[in-house]
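Trainee: Please see the structure below; I have some questions.
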Amino acid sequence: MELARIILNPADRHARQDLADPYELHSSLARAFATPYGAAPARWLWRQEPLRDGELPQVLVQSPQAGDWQTLQAAKPGWAQRIDTRAWHPGQVLRAGLGLRFRLRANPCITQQGKRRALLQRDEQLAWLARQLGRHGYVPLQADVVESGKLMGQRRKGGGAQVTVHAVLFEGDVRVADPAAAEQAIASGLGHAKMMGLGLMSVAPTAT
């Protein structure tokens, strides 16, 4: 598995367009994972990182194979200022009882009468998170809602319909209960709307 951290160039017109629409940003990132005609695309996840004072916009991408970042940069020169990559093997790190710090931007929702309903209240969002973590091999220790709000994008297919989801950025601490399930959750992501940059759960061992 590969983790790529992309620092976008806000002076570039294409980068600004991508930052304004998650579907456009997904389309640009997909260039690094293009496959021959008829081949199944690789499953990959991405997340736009929270913007801190003085920082340039950053995107984190997780993929089962290395991305072809040279092709992306050749197609969009000036789009990124820097792309750093590293190998990531969660199965070599995760063990039962291990404490982890996590970050997850997700779409907390429930299904009622066949329709998804966004969870807008903080206590509902944290309860959703606790259920997801518990189902996927983690014991929730503490978590907080860092950001919460609408995320809007314009689909290229289906007549270019606008899509709006509620996105929540969670940060907190967990303990690994089931390493295999925890690894699968990292690989597959949590929740819906993954094309819009949701579902990627990044973890790091808790400092001791």
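Labels used: A, B, ... for chains in the order of the structure tokens, numbers from 1 for residues in each chain, and numbers from 1 for ligands as shown.
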Run DSSP on the backbone and tell me which residues of segment 86-133 of chain A come out as helix (DSSP H, G or I); list them as a PyMOL selection string.
Mentor: chain A and resi 90-92+122-133
Trainee: From segment 23-111 of chain A, collect each residue whose DSSP state is strand (DSSP E) and return the set as number ranges by chain.
Mentor: A: 45-48, 58-63, 80-87, 99-106, 109-111
Trainee: For Gln70 of chain A, which residue among A:Val168, A:Ile83, A:Leu3, A:Leu51 is the nearest when counting only C-alpha atoms?
Mentor: A:Ile83
Trainee: Quick one: of A:Ser188, A:Ser148, A:Gln162, A:Gln154, who's nearest to Pro50 of chain A, counting only C-alpha atoms?
Mentor: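 Checking each of A:Ser188, A:Ser148, A:Gln162, A:Gln154 against Pro50 of chain A, counting only C-alpha atoms, the winner is A:Ser148.
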Trainee: Can you measure atom CA of Val174 of chain A to atom CA of Pro57 of chain A for me? One decimal in Å is fine.
Mentor: 27.2 Å
Trainee: As a list of chain:residue names, please: the residues near segment 9-23 of chain A (cut-off 8 Å, only C-alpha atoms, same-chain neighbours under 6 positions excluded).
Mentor: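 These residues fall inside the cut-off: A:Leu56, A:Pro57, A:Lys76, A:Gly78, A:Trp79, A:Ala80, A:Gln81, A:Met152, A:Gly153, A:Gln154, A:Arg155, A:Arg156, A:Met195, A:Met196, A:Gly197.
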Trainee: May I ask which of the residues A:Ser27, A:Gln113, A:Gln92, A:Thr206 is the closest one to Ala180 of chain A, counting only C-alpha atoms?
Mentor: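 Answer, going by the shortest atom-to-atom distance: A:Gln92.
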Trainee: Point out the residue among A:Ser202, A:Ser63, A:Gln58, A:Gln125 with the least atom-to-atom distance to Phe33 of chain A, counting only C-alpha atoms.
Mentor: A:Ser63
Trainee: At what distance in Å, to one decimal, does atom CA of Gly91 of chain A lie from atom CA of Leu126 of chain A?
Mentor: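 Answer for the atom CA of Leu126 of chain A to atom CA of Gly91 of chain A separation: 26.6 Å.
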Trainee: Could you give me, as a list in words, the residues within 10 Å of Ala32 of chain A, counting only C-alpha atoms and dropping anything in the same chain fewer than 4 positions from it?
Mentor: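 So the residues in contact are Ser27, Ser28, Ala66, Gly67, Asp68, Trp69, Gln70, Thr71, Leu72 and Gln73 of chain A.
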Trainee: Let me make sure I understand: among A:Ala127, A:Ala187, A:Val145, A:Val163, which one has the smallest atom-to-atom distance to Leu45 of chain A if we use only C-alpha atoms?
Mentor: A:Ala187
Trainee: Return the single residue from A:Thr111, A:Thr164, A:Gln184, A:Gln48 that is closest to Leu29 of chain A, with distances computed using only C-alpha atoms.
Mentor: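 Of the candidates, the smallest distance to Leu29 of chain A is held by A:Gln48.
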